[in-house]
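Enquirer: Sharing protein20.txt (compact mmCIF, C-alpha atoms) below.
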```
# COMPACT_ATOMS: atom_id res chain seq x y z
CA MET A 1 37.21 3.53 -42.84
CA SER A 2 34.31 5.13 -40.98
CA SER A 3 32.19 2.78 -38.87
CA GLU A 4 29.08 4.50 -40.20
CA ALA A 5 27.83 3.61 -43.67
CA VAL A 6 25.70 6.01 -45.72
CA ASP A 7 24.05 5.40 -49.06
CA TYR A 8 21.14 6.65 -51.12
CA TYR A 9 18.25 4.95 -52.86
CA ARG A 10 15.85 6.43 -55.39
CA PRO A 11 12.62 4.43 -55.73
CA PRO A 12 11.41 3.78 -59.29
CA SER A 13 8.53 6.15 -58.48
CA SER A 14 11.04 8.89 -57.76
CA ASP A 15 8.66 11.70 -58.73
CA ALA A 16 6.31 10.75 -55.89
CA LEU A 17 8.89 9.89 -53.27
CA GLY A 18 12.23 11.45 -54.11
CA LEU A 19 15.56 10.40 -52.70
CA ILE A 20 16.02 8.23 -49.61
CA ARG A 21 19.14 8.33 -47.42
CA ILE A 22 20.13 5.12 -45.63
CA ARG A 23 22.51 5.23 -42.66
CA ALA A 24 23.87 2.28 -40.67
CA GLY A 25 26.22 1.76 -37.76
CA ALA A 26 27.78 -1.40 -36.43
CA ALA A 27 24.59 -2.45 -34.60
CA GLY A 28 22.15 -1.89 -37.47
CA LEU A 29 20.30 0.70 -39.49
CA THR A 30 20.02 4.04 -37.75
CA GLU A 31 18.22 6.06 -40.45
CA ILE A 32 16.09 5.72 -43.55
CA ASP A 33 14.88 9.19 -44.41
CA PHE A 34 13.53 11.19 -47.33
CA VAL A 35 16.03 13.87 -48.37
CA SER A 36 16.06 16.49 -51.10
CA GLU A 37 19.63 15.81 -52.22
CA ARG A 38 22.79 13.84 -51.52
CA ASP A 39 24.16 15.94 -48.69
CA GLU A 40 27.21 13.78 -48.02
CA PRO A 41 29.23 11.35 -50.11
CA PRO A 42 27.97 7.76 -50.17
CA ARG A 43 29.93 5.30 -48.04
CA PRO A 44 27.98 2.09 -48.64
CA GLY A 45 28.38 -0.96 -46.48
CA PRO A 46 26.79 -4.40 -46.16
CA LEU A 47 23.78 -3.09 -44.19
CA THR A 48 23.06 -0.18 -46.54
CA ASP A 49 23.36 -2.59 -49.49
CA GLN A 50 20.91 -4.97 -47.81
CA ALA A 51 18.50 -2.09 -47.09
CA ARG A 52 18.68 -0.86 -50.71
CA GLU A 53 17.92 -4.38 -51.94
CA GLN A 54 14.95 -4.82 -49.59
CA LEU A 55 13.58 -1.34 -50.42
CA ALA A 56 13.80 -2.21 -54.14
CA GLU A 57 11.84 -5.42 -53.47
CA TYR A 58 9.25 -3.48 -51.45
CA PHE A 59 8.72 -0.97 -54.26
CA ALA A 60 8.60 -3.79 -56.84
CA GLY A 61 5.79 -5.38 -54.84
CA THR A 62 7.74 -8.55 -53.97
CA ARG A 63 8.47 -7.72 -50.30
CA ARG A 64 5.94 -6.97 -47.56
CA ASP A 65 8.13 -7.43 -44.49
CA PHE A 66 11.65 -6.18 -43.91
CA ASP A 67 14.35 -8.32 -42.34
CA LEU A 68 17.02 -5.83 -41.34
CA PRO A 69 18.89 -5.18 -38.08
CA LEU A 70 17.65 -1.87 -36.67
CA ALA A 71 19.41 0.43 -34.22
CA PRO A 72 17.31 3.61 -34.01
CA GLN A 73 18.40 6.24 -31.51
CA GLY A 74 15.61 7.40 -29.21
CA THR A 75 14.12 7.28 -25.74
CA ASP A 76 12.77 4.05 -24.27
CA PHE A 77 9.21 5.23 -24.98
CA GLN A 78 10.05 6.15 -28.58
CA ARG A 79 11.64 2.73 -29.14
CA ARG A 80 8.52 1.04 -27.68
CA VAL A 81 6.32 3.01 -30.09
CA TRP A 82 8.60 2.16 -33.03
CA ALA A 83 8.48 -1.54 -32.08
CA ALA A 84 4.66 -1.33 -32.03
CA LEU A 85 4.69 0.30 -35.48
CA SER A 86 6.80 -2.57 -36.79
CA GLY A 87 3.96 -4.91 -35.83
CA ILE A 88 1.40 -3.21 -38.10
CA PRO A 89 0.95 -5.60 -41.04
CA PHE A 90 1.56 -4.54 -44.64
CA GLY A 91 -1.53 -2.90 -46.13
CA GLU A 92 -3.18 -2.23 -42.75
CA THR A 93 -3.42 0.91 -40.64
CA ARG A 94 -3.80 1.70 -36.96
CA ASN A 95 -4.68 4.95 -35.27
CA TYR A 96 -2.71 6.71 -32.57
CA ALA A 97 -5.18 5.69 -29.82
CA GLU A 98 -4.84 2.01 -30.75
CA ILE A 99 -1.06 2.20 -30.50
CA ALA A 100 -1.27 4.05 -27.17
CA GLU A 101 -3.66 1.43 -25.78
CA GLN A 102 -1.45 -1.41 -27.06
CA LEU A 103 1.44 0.14 -25.09
CA GLY A 104 -0.67 0.53 -21.95
CA CYS A 105 -0.78 4.31 -22.33
CA LYS A 106 -4.53 4.89 -22.60
CA GLY A 107 -5.02 8.52 -23.56
CA GLY A 108 -1.43 8.77 -24.78
CA GLN A 109 -2.26 9.49 -28.44
CA ARG A 110 -0.28 12.73 -28.51
CA ALA A 111 2.81 11.09 -27.02
CA VAL A 112 2.49 8.26 -29.55
CA GLY A 113 2.08 10.84 -32.33
CA ALA A 114 5.21 12.69 -31.20
CA ALA A 115 7.23 9.45 -31.08
CA ASN A 116 5.81 8.41 -34.45
CA GLY A 117 6.96 11.73 -35.93
CA ARG A 118 10.49 11.14 -34.65
CA ASN A 119 10.80 7.68 -36.20
CA PRO A 120 14.23 7.75 -37.88
CA ILE A 121 13.65 4.64 -40.02
CA ALA A 122 10.91 5.45 -42.54
CA ILE A 123 9.13 2.71 -44.51
CA VAL A 124 10.90 -0.17 -42.70
CA VAL A 125 9.39 1.02 -39.40
CA PRO A 126 6.04 1.83 -41.00
CA CYS A 127 5.00 5.08 -39.33
CA HIS A 128 3.07 5.82 -42.56
CA ARG A 129 0.54 3.16 -41.44
CA VAL A 130 -0.66 5.29 -38.51
CA ILE A 131 -3.67 7.49 -39.22
CA GLY A 132 -6.00 9.70 -37.23
CA SER A 133 -8.81 8.17 -35.16
CA ASP A 134 -11.30 9.55 -37.68
CA GLY A 135 -9.49 7.78 -40.54
CA ARG A 136 -7.88 10.96 -41.90
CA MET A 137 -4.32 11.26 -43.04
CA THR A 138 -2.51 13.09 -40.29
CA GLY A 139 1.02 14.41 -40.10
CA TYR A 140 3.88 12.48 -41.61
CA ALA A 141 7.48 13.63 -41.31
CA GLY A 142 8.04 12.69 -44.95
CA GLY A 143 4.99 14.70 -46.06
CA ILE A 144 1.33 13.73 -46.46
CA GLY A 145 1.79 13.10 -50.21
CA ARG A 146 4.41 10.43 -49.51
CA LYS A 147 2.22 8.89 -46.80
CA GLN A 148 -0.74 8.71 -49.20
CA TRP A 149 1.48 7.19 -51.91
CA LEU A 150 2.91 4.54 -49.56
CA LEU A 151 -0.55 3.53 -48.29
CA ALA A 152 -1.89 3.39 -51.88
CA HIS A 153 1.15 1.31 -52.90
CA GLU A 154 0.44 -1.17 -50.10
CA ALA A 155 -3.25 -1.30 -51.03
CA GLY A 156 -2.28 -2.21 -54.60
CA GLU A 157 -3.65 1.08 -55.96
CA VAL A 158 -0.31 2.23 -57.40
CA PRO A 159 1.16 0.29 -60.31
CA MET A 160 4.32 -1.55 -59.31
CA LEU A 161 7.26 -0.08 -61.12
CA LEU A 162 10.52 -1.89 -61.64
CA GLY A 163 13.61 0.22 -61.77
```
So, in terms of structure tokens, how does the structure I just supplied come out?
Expert:
Amino acid sequence: MSSEAVDYYRPPSSDALGLIRIRAGAAGLTEIDFVSERDEPPRPGPLTDQAREQLAEYFAGTRRDFDLPLAPQGTDFQRRVWAALSGIPFGETRNYAEIAEQLGCKGGQRAVGAANGRNPIAIVVPCHRVIGSDGRMTGYAGGIGRKQWLLAHEAGEVPMLLG
């Protein structure tokens, strides 16, 4: 049996979001990403099952915070940015300058933006909650439409769908 588990989850609002791939290793989740299709056979495991369950609760509106072991692969700086993102409360946003300042990197908005764009664990590490300093929706690896949908969902502007 492979030590890496892979599974897929399709939110009830699948038209807006599409398919999500979940990948986990022995230490925790290594990827939650939007994908266009199942590009490898599912090999679910306890962590991917737990992630699917918590994602379903999030999309049903019954979960605001995730409680999952995470093991994203990245540089020390990227992991510091991702940890800062995890501290942004449900339904709130921060801008890149605020995250840079929080990390003691005044003027490091671009570096924060680059690390944000490389976040391998979408939704659970809420990179969608980071917006431009002027309040505009800025780049999102999953696409601006998904970012807008996720923020509207957290603001209660999207009907909760059970699936």
Enquirer: Could you jot down the atom CA of A:Pro120 to atom CA of A:Phe34 separation for me, Å, one decimal place?
Expert: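 Interatomic distance, atom CA of A:Pro120 to atom CA of A:Phe34: 10.1 Å.
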Enquirer: Could you tell me how far atom CA of A:Ala71 lies from atom CA of A:Ala24, in Å and to one decimal?
Expert: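 Separation of atom CA of A:Ala71 and atom CA of A:Ala24: 8.1 Å.
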Enquirer: Out of A:Pro42, A:Gly132, A:Gly74, A:Gly25, which residue has the shortest atom-to-atom distance to A:Arg94 when counting all atoms listed in the file?
Expert: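 Checking each candidate against A:Arg94, we get A:Gly132 as the closest.
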Enquirer: Taking into account all atoms listed in the file, which residue in the set A:Ser3, A:Gln102, A:Asn116, A:Thr48 is nearest to A:Arg79?
Expert: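 Residue with the minimum atom-to-atom distance to A:Arg79: A:Asn116.
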Enquirer: For A:Pro69, please output as a ChimeraX atom specification all residues within 10 Å (counting only C-alpha atoms; exclusion window: fewer than 3 positions along the same chain).
Expert: /A:24,26-30,47,50-51,66,72
Enquirer: Please, what distance in Å, to one decimal, runs between atom CA of A:Val158 and atom CA of A:Ala114?
Expert: 28.7 Å
Enquirer: Please identify all polymer residues within 8 Å of stretch 107-112 of chain A, counting all atoms listed in the file, omitting same-chain residues fewer than 2 positions from it, and present them as an MDAnalysis selection string.
Expert: chainID A and resid 78 81 96:97 99:101 105 114:116
Enquirer: Counting all atoms listed in the file, which of A:Ala16, A:Val124, A:Ala56, A:Ile144 gets nearest to A:Glu31?
Expert: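 Going through A:Ala16, A:Val124, A:Ala56, A:Ile144 one by one, the smallest distance to A:Glu31 is for A:Val124.
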Enquirer: Between A:Asp7, A:Glu154, A:Glu92, A:Asp76, which residue has the minimum interatomic distance to A:Val35, considering only C-alpha atoms?
Expert: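 Looking only at the distances to A:Val35, the closest residue turns out to be A:Asp7.
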Enquirer: Neighbouring residues of A:Leu55 were defined as those with any atom within 9 Å, considering only C-alpha atoms; residues of the same chain fewer than 2 positions away were excluded. Please report them as a list in words.
Expert: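 Once the nearby chain positions are removed, what remains is Tyr9, Pro11, Gln50, Ala51, Arg52, Glu53, Glu57, Tyr58, Phe59, Ala60, Arg63, Phe66, Ile123 and Val124 of chain A.
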Enquirer: Please determine, counting all atoms listed in the file, which residue among A:Lys147, A:Arg64, A:His153, A:Lys106 has the shortest atom-to-atom distance to A:Arg129.
Expert: A:Lys147
Enquirer: Find the residues around A:Val125 up to 9 Å (only C-alpha atoms counted), leave out those fewer than 4 positions away in its own chain, and share them as a PDB file with C-alpha atoms, in the frame of the given file.
Expert:
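Writing done, so here's out24.pdb:
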```pdb
ATOM      1  CA  PHE A  66      11.650  -6.180 -43.910  1.00  0.00           C
ATOM      2  CA  TRP A  82       8.600   2.160 -33.030  1.00  0.00           C
ATOM      3  CA  ALA A  83       8.480  -1.540 -32.080  1.00  0.00           C
ATOM      4  CA  LEU A  85       4.690   0.300 -35.480  1.00  0.00           C
ATOM      5  CA  SER A  86       6.800  -2.570 -36.790  1.00  0.00           C
ATOM      6  CA  GLY A  87       3.960  -4.910 -35.830  1.00  0.00           C
ATOM      7  CA  ASN A 119      10.800   7.680 -36.200  1.00  0.00           C
ATOM      8  CA  PRO A 120      14.230   7.750 -37.880  1.00  0.00           C
ATOM      9  CA  ILE A 121      13.650   4.640 -40.020  1.00  0.00           C
TER      10      ILE A 121
END
```
Enquirer: Measuring atom to atom with all atoms listed in the file, identify which of A:Gly156, A:Gly18, A:Gly113, A:Gly145 is nearest to A:Phe90.
Expert: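 Going through A:Gly156, A:Gly18, A:Gly113, A:Gly145 one by one, the smallest distance to A:Phe90 is for A:Gly156.
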